[in-house]
$ cat model_33.txt   # compact mmCIF, C-alpha atoms
# COMPACT_ATOMS: atom_id res chain seq x y z
CA MET A 1 81.78 59.23 -122.43
CA LEU A 2 81.85 57.49 -119.08
CA SER A 3 78.27 58.49 -118.30
CA ALA A 4 76.87 56.89 -121.45
CA LYS A 5 78.92 53.72 -121.08
CA ILE A 6 78.02 53.16 -117.47
CA SER A 7 74.38 53.88 -118.26
CA SER A 8 74.29 51.15 -120.88
CA LEU A 9 76.45 48.64 -119.05
CA ILE A 10 75.13 48.99 -115.52
CA PHE A 11 71.92 50.86 -115.04
CA PHE A 12 70.02 50.38 -118.29
CA SER A 13 69.00 46.91 -117.14
CA ILE A 14 67.40 48.09 -113.90
CA PHE A 15 64.03 48.87 -115.49
CA THR A 16 64.36 47.28 -118.91
CA PHE A 17 64.90 43.82 -117.46
CA TYR A 18 63.09 44.18 -114.15
CA SER A 19 59.99 42.33 -115.37
CA ILE A 20 62.14 39.60 -116.88
CA SER A 21 64.09 39.10 -113.66
CA LYS A 22 60.86 38.92 -111.65
CA ALA A 23 59.34 36.39 -114.00
CA ASN A 24 62.49 34.30 -114.34
CA PRO A 25 64.74 35.22 -111.39
CA THR A 26 67.18 32.36 -111.86
CA ASN A 27 68.10 29.52 -114.19
CA SER A 28 69.36 27.51 -111.24
CA ALA A 29 67.44 25.19 -108.93
CA GLU A 30 69.47 26.50 -106.03
CA PRO A 31 67.56 28.75 -103.61
CA ILE A 32 68.58 32.40 -103.65
CA LEU A 33 70.01 34.11 -100.58
CA TYR A 34 69.60 37.58 -102.09
CA ASP A 35 69.13 39.07 -105.54
CA ILE A 36 70.26 42.57 -106.54
CA TYR A 37 69.70 42.30 -110.26
CA PRO A 38 71.27 43.50 -112.56
CA PHE A 39 74.33 43.67 -110.32
CA ILE A 40 74.63 40.38 -108.47
CA ARG A 41 72.76 37.29 -107.31
CA VAL A 42 73.96 35.21 -104.36
CA TYR A 43 72.65 31.71 -103.72
CA LYS A 44 72.32 29.99 -100.37
CA ASN A 45 75.14 27.60 -101.31
CA ARG A 46 77.29 30.79 -101.64
CA THR A 47 77.51 30.62 -105.41
CA ILE A 48 77.87 34.18 -106.74
CA GLN A 49 76.53 35.33 -110.09
CA ARG A 50 77.60 38.75 -111.36
CA PHE A 51 75.78 40.15 -114.36
CA ILE A 52 77.94 43.14 -115.33
CA GLY A 53 81.45 44.51 -115.07
CA GLN A 54 83.33 41.25 -115.51
CA ASP A 55 85.09 41.91 -118.83
CA PHE A 56 88.81 42.67 -118.84
CA ALA A 57 90.68 45.19 -120.98
CA PRO A 58 94.46 44.72 -120.94
CA ALA A 59 96.87 47.56 -120.29
CA SER A 60 98.14 48.95 -123.56
CA THR A 61 99.04 51.99 -125.61
CA ASP A 62 95.77 53.53 -126.75
CA PRO A 63 95.88 53.77 -130.57
CA THR A 64 93.74 56.93 -130.64
CA SER A 65 95.26 59.06 -127.89
CA GLY A 66 98.69 57.52 -127.44
CA VAL A 67 98.06 57.19 -123.68
CA ARG A 68 100.09 54.37 -122.17
CA SER A 69 98.88 52.17 -119.32
CA LYS A 70 100.35 49.45 -117.17
CA ASP A 71 99.32 47.40 -114.14
CA VAL A 72 101.20 47.52 -110.85
CA LYS A 73 100.89 45.83 -107.45
CA PHE A 74 100.45 48.18 -104.50
CA ALA A 75 99.97 45.59 -101.74
CA GLU A 76 101.69 42.30 -102.49
CA ASN A 77 100.38 40.57 -99.37
CA TYR A 78 96.77 41.00 -100.57
CA ASN A 79 97.52 40.84 -104.32
CA LEU A 80 96.09 44.33 -104.82
CA SER A 81 96.68 46.13 -108.09
CA ALA A 82 96.14 49.45 -109.82
CA ARG A 83 96.38 50.61 -113.40
CA LEU A 84 98.61 53.59 -114.19
CA TYR A 85 98.02 55.93 -117.14
CA LEU A 86 100.53 58.28 -118.72
CA PRO A 87 99.72 60.74 -121.54
CA LYS A 88 101.55 60.66 -124.84
CA ASN A 89 105.04 62.20 -124.92
CA PRO A 90 105.16 63.64 -121.37
CA ASN A 91 107.70 66.43 -120.90
CA PRO A 92 110.35 65.08 -118.49
CA ALA A 93 111.07 68.64 -117.33
CA GLN A 94 107.45 69.33 -116.37
CA LYS A 95 105.60 67.07 -113.97
CA LEU A 96 101.88 66.39 -114.38
CA PRO A 97 98.89 66.69 -112.05
CA LEU A 98 98.11 63.37 -110.40
CA LEU A 99 94.60 61.89 -110.46
CA ILE A 100 93.72 58.95 -108.20
CA TYR A 101 90.49 57.38 -109.47
CA PHE A 102 88.08 54.89 -107.87
CA HIS A 103 85.68 52.93 -110.07
CA GLY A 104 81.98 52.47 -109.42
CA GLY A 105 79.80 49.36 -109.49
CA GLY A 106 77.86 49.40 -106.23
CA PHE A 107 80.75 47.78 -104.30
CA PHE A 108 79.82 44.47 -105.99
CA THR A 109 80.90 44.74 -109.62
CA GLU A 110 83.33 46.37 -112.08
CA SER A 111 87.08 46.84 -111.72
CA ALA A 112 89.86 49.20 -112.66
CA PHE A 113 90.53 46.85 -115.59
CA SER A 114 87.04 46.73 -117.13
CA PRO A 115 86.65 48.20 -120.64
CA THR A 116 84.33 50.91 -119.28
CA TYR A 117 86.95 52.38 -116.97
CA HIS A 118 89.93 51.63 -119.16
CA HIS A 119 88.44 53.62 -122.05
CA HIS A 120 87.32 56.40 -119.73
CA LEU A 121 90.74 56.82 -118.12
CA ASN A 122 92.44 56.79 -121.53
CA SER A 123 90.20 59.64 -122.64
CA LEU A 124 90.45 61.58 -119.39
CA VAL A 125 94.25 61.37 -119.19
CA ALA A 126 94.63 62.45 -122.82
CA LYS A 127 92.34 65.47 -122.50
CA ALA A 128 93.27 66.64 -118.99
CA LYS A 129 97.02 65.97 -119.41
CA VAL A 130 97.34 64.19 -116.08
CA ILE A 131 98.96 61.02 -114.84
CA ALA A 132 96.40 58.70 -113.26
CA VAL A 133 96.24 55.83 -110.81
CA SER A 134 93.05 53.78 -111.26
CA VAL A 135 92.58 51.79 -108.06
CA ASN A 136 91.30 48.23 -107.99
CA TYR A 137 89.76 47.29 -104.64
CA ARG A 138 88.25 44.01 -103.47
CA LEU A 139 84.52 43.56 -103.95
CA ALA A 140 81.63 42.42 -101.77
CA PRO A 141 80.27 39.94 -100.86
CA GLU A 142 83.50 37.92 -100.79
CA ASN A 143 85.17 40.94 -99.18
CA PRO A 144 82.47 42.91 -97.35
CA LEU A 145 82.86 46.54 -96.47
CA PRO A 146 84.86 48.20 -95.03
CA ILE A 147 87.50 46.21 -96.97
CA ALA A 148 87.09 48.36 -100.12
CA TYR A 149 87.92 51.46 -98.04
CA GLN A 150 90.93 49.74 -96.49
CA ASP A 151 92.24 48.66 -99.90
CA SER A 152 91.75 52.16 -101.28
CA TRP A 153 93.66 53.70 -98.39
CA GLN A 154 96.50 51.25 -99.03
CA ALA A 155 96.54 52.40 -102.64
CA LEU A 156 96.65 56.03 -101.56
CA LYS A 157 99.54 55.42 -99.17
CA TRP A 158 101.44 53.48 -101.83
CA THR A 159 100.94 56.28 -104.34
CA PHE A 160 102.04 58.94 -101.86
CA SER A 161 105.19 56.92 -101.07
CA HIS A 162 106.52 58.18 -104.41
CA SER A 163 106.55 61.82 -103.32
CA LYS A 164 109.79 63.55 -102.34
CA GLY A 165 111.51 61.68 -99.54
CA GLY A 166 109.36 58.56 -100.03
CA LYS A 167 110.54 55.05 -100.79
CA GLY A 168 108.25 54.25 -103.72
CA LYS A 169 110.04 52.89 -106.79
CA GLU A 170 107.46 53.11 -109.58
CA PRO A 171 109.23 55.21 -112.26
CA TRP A 172 106.11 56.75 -113.82
CA LEU A 173 105.08 58.21 -110.48
CA ARG A 174 108.64 59.15 -109.52
CA ASN A 175 109.40 60.88 -112.79
CA HIS A 176 106.09 62.39 -113.87
CA ALA A 177 103.70 62.94 -110.92
CA ASP A 178 103.43 66.36 -109.29
CA PHE A 179 102.45 65.61 -105.70
CA GLY A 180 101.73 69.25 -105.17
CA ARG A 181 98.74 68.85 -107.53
CA VAL A 182 96.85 65.73 -106.44
CA TYR A 183 93.18 65.10 -107.25
CA LEU A 184 90.78 62.35 -106.19
CA GLY A 185 87.89 61.23 -108.37
CA GLY A 186 85.30 58.52 -108.78
CA ASP A 187 81.78 57.69 -109.84
CA SER A 188 78.92 56.18 -107.85
CA ALA A 189 80.45 53.86 -105.21
CA GLY A 190 83.87 55.09 -106.32
CA ALA A 191 82.83 58.67 -105.58
CA ASN A 192 81.81 57.53 -102.11
CA ILE A 193 85.26 56.01 -101.65
CA ALA A 194 86.99 59.15 -102.96
CA HIS A 195 85.10 61.21 -100.37
CA GLN A 196 86.14 58.88 -97.57
CA MET A 197 89.76 58.96 -98.71
CA SER A 198 89.71 62.78 -98.66
CA ILE A 199 88.54 62.69 -95.04
CA ARG A 200 91.38 60.33 -94.13
CA VAL A 201 93.87 62.62 -95.82
CA GLY A 202 92.43 65.62 -93.98
CA SER A 203 92.54 63.82 -90.65
CA LYS A 204 96.23 62.98 -90.90
CA THR A 205 99.22 65.20 -90.16
CA PRO A 206 99.86 67.05 -93.44
CA ASP A 207 102.84 65.97 -95.51
CA PRO A 208 104.51 69.11 -96.85
CA ASN A 209 105.37 67.26 -100.06
CA ILE A 210 101.76 66.28 -100.83
CA LYS A 211 98.86 68.62 -101.57
CA LEU A 212 95.38 67.36 -102.27
CA ASN A 213 94.06 70.12 -104.52
CA GLY A 214 90.59 68.86 -105.28
CA MET A 215 88.06 66.09 -105.58
CA PHE A 216 85.53 65.18 -108.30
CA LEU A 217 82.46 63.17 -107.26
CA ASN A 218 80.39 61.91 -110.21
CA CYS A 219 76.86 60.87 -109.12
CA PRO A 220 78.09 59.86 -105.65
CA PHE A 221 76.61 56.86 -103.87
CA PHE A 222 75.15 58.31 -100.67
CA LEU A 223 72.05 57.13 -98.83
CA GLY A 224 70.10 57.61 -95.60
CA LYS A 225 67.17 56.19 -93.65
CA ARG A 226 65.10 59.36 -94.01
CA ALA A 227 63.86 60.07 -97.52
CA ILE A 228 64.85 63.46 -98.93
CA GLY A 229 63.82 65.40 -102.00
CA ASN A 230 61.64 63.36 -104.32
CA GLU A 231 63.22 59.96 -103.65
CA SER A 232 59.84 58.26 -103.10
CA THR A 233 59.12 58.72 -106.83
CA TYR A 234 61.88 56.20 -107.55
CA ALA A 235 60.87 53.62 -104.94
CA TYR A 236 62.12 50.54 -106.81
CA ALA A 237 65.48 52.02 -107.87
CA GLU A 238 66.01 53.60 -104.45
CA GLY A 239 65.32 50.25 -102.82
CA LEU A 240 67.86 48.65 -105.14
CA MET A 241 70.52 51.17 -104.10
CA GLN A 242 69.73 50.51 -100.44
CA LYS A 243 70.05 46.76 -100.89
CA LEU A 244 73.51 47.26 -102.36
CA TRP A 245 74.67 48.97 -99.18
CA VAL A 246 72.95 46.61 -96.74
CA TYR A 247 74.44 43.50 -98.33
CA ALA A 248 77.84 45.05 -99.09
CA TYR A 249 78.22 46.03 -95.42
CA PRO A 250 76.20 43.47 -93.41
CA ASN A 251 78.00 44.29 -90.15
CA SER A 252 77.35 48.03 -90.22
CA ARG A 253 75.92 49.16 -86.90
CA SER A 254 73.98 52.07 -88.40
CA GLY A 255 72.84 50.65 -91.74
CA LEU A 256 71.71 53.37 -94.12
CA ASP A 257 72.75 56.05 -91.62
CA ASP A 258 76.30 54.76 -91.36
CA PRO A 259 78.62 57.80 -91.72
CA LEU A 260 80.34 55.96 -94.56
CA VAL A 261 77.21 56.26 -96.71
CA ASN A 262 75.34 59.17 -95.06
CA PRO A 263 77.66 62.20 -94.84
CA GLY A 264 75.05 64.01 -92.75
CA MET A 265 75.76 61.55 -89.95
CA ASP A 266 79.53 61.99 -90.05
CA PRO A 267 80.92 64.30 -87.34
CA GLY A 268 84.20 64.32 -89.26
CA LEU A 269 82.74 65.70 -92.48
CA LYS A 270 84.57 68.99 -92.05
CA MET A 271 87.87 67.09 -92.31
CA VAL A 272 87.56 66.75 -96.10
CA GLY A 273 91.20 67.24 -96.99
CA CYS A 274 90.98 69.49 -100.04
CA LYS A 275 89.74 72.99 -100.67
CA ARG A 276 87.96 72.33 -103.96
CA VAL A 277 85.14 69.85 -104.52
CA LEU A 278 83.12 69.31 -107.68
CA VAL A 279 79.93 67.29 -107.13
CA TYR A 280 78.20 66.16 -110.30
CA VAL A 281 74.60 64.92 -110.29
CA ALA A 282 72.37 63.87 -113.18
CA GLY A 283 69.01 65.57 -113.67
CA ASN A 284 66.95 62.38 -113.37
CA ASP A 285 69.31 60.29 -111.25
CA VAL A 286 67.60 58.58 -108.31
CA LEU A 287 70.48 59.65 -106.04
CA ARG A 288 70.69 63.25 -107.23
CA PHE A 289 69.04 64.49 -104.04
CA ARG A 290 71.86 62.89 -102.07
CA GLY A 291 74.40 64.80 -104.13
CA TRP A 292 72.67 68.06 -103.25
CA TYR A 293 72.38 66.96 -99.63
CA TYR A 294 76.12 66.26 -99.55
CA LYS A 295 76.86 69.72 -100.91
CA GLU A 296 74.67 71.37 -98.28
CA LYS A 297 76.08 69.35 -95.39
CA LEU A 298 79.66 69.95 -96.48
CA GLU A 299 78.98 73.66 -96.83
CA ASN A 300 77.65 73.85 -93.28
CA SER A 301 80.09 71.45 -91.63
CA GLY A 302 82.82 73.94 -90.81
CA TRP A 303 84.93 72.79 -93.74
CA ASP A 304 87.34 75.62 -94.47
CA ALA A 305 86.41 75.92 -98.16
CA ALA A 306 82.68 75.88 -98.83
CA PRO A 307 81.50 74.79 -102.30
CA SER A 308 79.69 77.32 -104.44
CA CYS A 309 76.64 76.30 -106.40
CA GLY A 310 76.60 76.89 -110.14
CA LEU A 311 74.11 74.78 -112.06
CA GLN A 312 75.10 74.11 -115.66
CA SER A 313 74.09 71.58 -118.28
CA ARG A 314 77.33 69.81 -119.01
CA SER A 315 78.62 66.28 -119.47
CA SER A 316 80.32 64.63 -116.51
CA SER A 317 83.34 63.80 -118.67
CA GLU A 318 83.84 67.45 -119.64
CA ALA A 319 83.52 68.63 -116.05
CA GLU A 320 85.95 65.98 -114.85
CA GLU A 321 88.55 66.77 -117.50
CA ASN A 322 88.46 70.50 -116.69
CA PHE A 323 88.60 69.91 -112.97
CA ALA A 324 91.52 67.48 -113.01
CA SER A 325 93.50 69.78 -115.29
CA GLY A 326 92.85 72.75 -113.01
CA ALA A 327 90.50 74.57 -115.38
CA GLU A 328 87.68 74.62 -112.79
CA ALA A 329 88.56 77.76 -110.86
CA GLN A 330 85.96 77.31 -108.11
CA PRO A 331 84.48 74.27 -106.37
CA SER A 332 80.94 73.76 -107.56
CA HIS A 333 77.94 71.53 -108.06
CA ARG A 334 76.91 70.54 -111.59
CA THR A 335 73.81 69.01 -113.11
CA GLY A 336 73.74 67.17 -116.43
CA HIS A 337 73.79 63.64 -117.84
CA GLY A 338 75.18 61.02 -115.50
CA PRO A 339 75.56 57.25 -114.95
CA ARG A 340 71.96 56.40 -114.01
CA GLU A 341 70.11 59.04 -116.06
CA ALA A 342 69.55 57.16 -119.32
CA THR A 343 67.54 54.56 -117.43
CA PHE A 344 65.27 57.03 -115.70
CA ASP A 345 64.78 59.33 -118.69
CA ALA A 346 62.65 56.60 -120.20
CA GLN A 347 60.68 56.03 -117.02
CA VAL A 348 59.85 59.47 -115.61
$ encode --input "model_33.txt" --output "C-alpha cells"
Amino acid sequence: MLSAKISSLIFFSIFTFYSISKANPTNSAEPILYDIYPFIRVYKNRTIQRFIGQDFAPASTDPTSGVRSKDVKFAENYNLSARLYLPKNPNPAQKLPLLIYFHGGGFFTESAFSPTYHHHLNSLVAKAKVIAVSVNYRLAPENPLPIAYQDSWQALKWTFSHSKGGKGKEPWLRNHADFGRVYLGGDSAGANIAHQMSIRVGSKTPDPNIKLNGMFLNCPFFLGKRAIGNESTYAYAEGLMQKLWVYAYPNSRSGLDDPLVNPGMDPGLKMVGCKRVLVYVAGNDVLRFRGWYYKEKLENSGWDAAPSCGLQSRSSSEAEENFASGAEAQPSHRTGHGPREATFDAQV
C-alpha cells in the first residue's frame, strides 16, 4: 500500500532519527545553509544532500499484475518526463478512465520513477482498470516553486493534446484513454499540485472533448500562518512541514498564507474544475486538520458541487482505487491510515 510505503520511506525518520540528526547533523565540515531532515540538507557551498526518494525503478511489465509501463518526454526543451501505465490486455474497443497522478515528497524529494510510486501505480492501475500518467516535475531547491506547478501544467496540456482533435502522438493515450473520464490524484505535495491543476482546468475555457470527472487528494500538503485544530500538539512536525514550504518557495510574497498552500486564502478556490473530490486524511497525521479545513473552505466557496462528509475507516489505496474507477458515487472526506500516520502513532 502506498500509505505504508511512504510512511516507512519518508516520514518514519522524522521522530525516530530526530535525536540522531540533532546530535550529529552532518558528516561534513561545510557549514549548513538549512537542514530539513530527513528530506534534504543544503550547505552554504550549495551542495545538496537528499536522504530519501532517490532510488530508481525502471519502466517494465509488472510480473504480478501484468501492467505495462513506459517513460515518455512531455516537454523536450526542459527534458521533462512522465511514466505511463497500461493495464494488462486492454480492450481496444473500450477506452479506459484516465488518471493523472502527481507524486509527493515535500517538493524536495521523490520522483515518478521511484520504487514507491512505481509499485503504487502498478497496483492502482491493475485494480482500478485505468490508464495512468505519473508526472515527474522538477524539484526544489535547484528549481524553486512555482516551477513544479508549471511543469505539472505542461504535463497536463501534453496529456490533453491526445484527446479528439489534438495533435498528440503517444499511442497509448490515443488508443486507450477516455478523455471524457479524467481524474487527478496525488499524495502530500502531489495532492497540493493536483488541487492547483484542477483550478487551472476550471479557469480555462472548457474543451468539449475533455471532462475532468474527479480528484483524489491523499493527505494533502496545505498550511497556514494561523494554527487550526490541534496542530500545536505536533509542534516539531508542523514546523518541519512549514520549513519545506518556506525553502521550496523562497520568493513567495505571502509565505504560509500563499494561496498555493493555503486554500482558504485563494479567491479562486471555487474554480476547482471537477464536480467530485475525495479528500483523504489520516487519523493522526499532523496535517489532517488542513484536510478538513480544505473540505470546509471548498464547500463554502461557491463551488458548484459541494463535498459531502462521510467518515470511514479505510485505506487510502482502497479509496483511491474505487474513486478512479468510478465506484465512489459521491465526493467525500475519508479518515484512515495515511502517509504520515505510522510515525505519529508511536508518538501520540
$ closest_residue --input "model_33.txt" --among "A:Thr205, A:Ser301, A:Ser254, A:Thr109" --to "Pro38 in chain A" --atoms "only C-alpha atoms"
A:Thr109
$ residues_near_point --input "model_33.txt" --point "(103.2, 67.0, -103.3)" --cutoff "9 Å" --atoms "only C-alpha atoms" --output "ChimeraX atom specification"
/A:160,163-164,177-182,207-212
$ residues_around --input "model_33.txt" --residues "range 79-93 of chain A" --least-positions-apart "4" --cutoff "9 Å" --atoms "only C-alpha atoms" --output "MDAnalysis selection string"
chainID A and resid 59 65:75 112:113 118 121:122 125:127 129:138 151 155 172:173 175:176
$ closest_residue --input "model_33.txt" --among "A:Phe102, A:Phe221, A:Trp153, A:Phe107" --to "Gly190 in chain A" --atoms "all atoms listed in the file"
A:Phe102
$ atom_distance --input "model_33.txt" --atom1 "CA of Asp304 in chain A" --atom2 "CA of Val286 in chain A"
29.5 Å
$ closest_residue --input "model_33.txt" --among "A:Ala248, A:Met265, A:Ala29, A:Leu217" --to "Lys295 in chain A" --atoms "only C-alpha atoms"
A:Leu217
$ atom_distance --input "model_33.txt" --atom1 "CA of Tyr101 in chain A" --atom2 "CA of Gly185 in chain A"
4.8 Å
$ closest_residue --input "model_33.txt" --among "A:Asn262, A:Asn251, A:Asn230, A:Asn300" --to "Asp285 in chain A" --atoms "all atoms listed in the file"
A:Asn230
$ closest_residue --input "model_33.txt" --among "A:Ala194, A:Asp187, A:Ser203, A:Ile36" --to "Ile48 in chain A" --atoms "only C-alpha atoms"
A:Ile36
$ residues_near_point --input "model_33.txt" --point "(76.6, 42.2, -100.9)" --cutoff "7 Å" --atoms "only C-alpha atoms" --output "ChimeraX atom specification"
/A:108,140-141,144,244,247-249
$ atom_distance --input "model_33.txt" --atom1 "CA of Gln54 in chain A" --atom2 "CA of Leu223 in chain A"
25.6 Å
$ residues_around --input "model_33.txt" --residues "Ala128 in chain A" --least-positions-apart "3" --cutoff "7 Å" --atoms "all atoms listed in the file" --output "VMD selection string"
chain A and resid 124 to 125 321 to 322 324 to 325
$ closest_residue --input "model_33.txt" --among "A:Glu110, A:Asp266, A:Glu231, A:Glu76" --to "Gly53 in chain A" --atoms "all atoms listed in the file"
A:Glu110
$ axis_aligned_box --input "model_33.txt" --around "range 255-271 of chain A" --padding-each-side "8 Å" --output "JSON"
{"center_x": 79.8, "center_y": 59.8, "center_z": -92.0, "size_x": 32.2, "size_y": 34.3, "size_z": 25.4}
$ residues_around --input "model_33.txt" --residues "Leu269 in chain A" --least-positions-apart "4" --cutoff "9 Å" --atoms "all atoms listed in the file" --output "PyMOL selection string"
chain A and resi 199+259+263-265+297-298+301-303
$ build_atoms --input "model_33.txt" --residues "range 193-204 of chain A" --atoms "N, CA and C atoms" --output "PDB file, keeping the file's coordinate frame"
ATOM      1  N   ILE A 193      83.924  56.347-102.147  1.00  0.00           N
ATOM      2  CA  ILE A 193      85.260  56.010-101.650  1.00  0.00           C
ATOM      3  C   ILE A 193      86.190  57.220-101.723  1.00  0.00           C
ATOM      4  N   ALA A 194      86.138  57.966-102.825  1.00  0.00           N
ATOM      5  CA  ALA A 194      86.990  59.150-102.960  1.00  0.00           C
ATOM      6  C   ALA A 194      86.721  60.130-101.812  1.00  0.00           C
ATOM      7  N   HIS A 195      85.452  60.332-101.490  1.00  0.00           N
ATOM      8  CA  HIS A 195      85.100  61.210-100.370  1.00  0.00           C
ATOM      9  C   HIS A 195      85.710  60.710 -99.067  1.00  0.00           C
ATOM     10  N   GLN A 196      85.584  59.429 -98.809  1.00  0.00           N
ATOM     11  CA  GLN A 196      86.140  58.880 -97.570  1.00  0.00           C
ATOM     12  C   GLN A 196      87.657  58.994 -97.536  1.00  0.00           C
ATOM     13  N   MET A 197      88.302  58.822 -98.677  1.00  0.00           N
ATOM     14  CA  MET A 197      89.760  58.960 -98.710  1.00  0.00           C
ATOM     15  C   MET A 197      90.167  60.416 -98.433  1.00  0.00           C
ATOM     16  N   SER A 198      89.374  61.364 -98.911  1.00  0.00           N
ATOM     17  CA  SER A 198      89.710  62.780 -98.660  1.00  0.00           C
ATOM     18  C   SER A 198      89.610  63.101 -97.172  1.00  0.00           C
ATOM     19  N   ILE A 199      88.662  62.477 -96.480  1.00  0.00           N
ATOM     20  CA  ILE A 199      88.540  62.690 -95.040  1.00  0.00           C
ATOM     21  C   ILE A 199      89.753  62.093 -94.320  1.00  0.00           C
ATOM     22  N   ARG A 200      90.187  60.928 -94.752  1.00  0.00           N
ATOM     23  CA  ARG A 200      91.380  60.330 -94.130  1.00  0.00           C
ATOM     24  C   ARG A 200      92.603  61.199 -94.343  1.00  0.00           C
ATOM     25  N   VAL A 201      92.739  61.727 -95.549  1.00  0.00           N
ATOM     26  CA  VAL A 201      93.870  62.620 -95.820  1.00  0.00           C
ATOM     27  C   VAL A 201      93.794  63.848 -94.918  1.00  0.00           C
ATOM     28  N   GLY A 202      92.599  64.427 -94.795  1.00  0.00           N
ATOM     29  CA  GLY A 202      92.430  65.620 -93.980  1.00  0.00           C
ATOM     30  C   GLY A 202      92.587  65.392 -92.504  1.00  0.00           C
ATOM     31  N   SER A 203      92.439  64.140 -92.073  1.00  0.00           N
ATOM     32  CA  SER A 203      92.540  63.820 -90.650  1.00  0.00           C
ATOM     33  C   SER A 203      93.967  63.493 -90.233  1.00  0.00           C
ATOM     34  N   LYS A 204      94.844  63.320 -91.195  1.00  0.00           N
ATOM     35  CA  LYS A 204      96.230  62.980 -90.900  1.00  0.00           C
ATOM     36  C   LYS A 204      97.094  64.229 -90.812  1.00  0.00           C
TER      37      LYS A 204
END
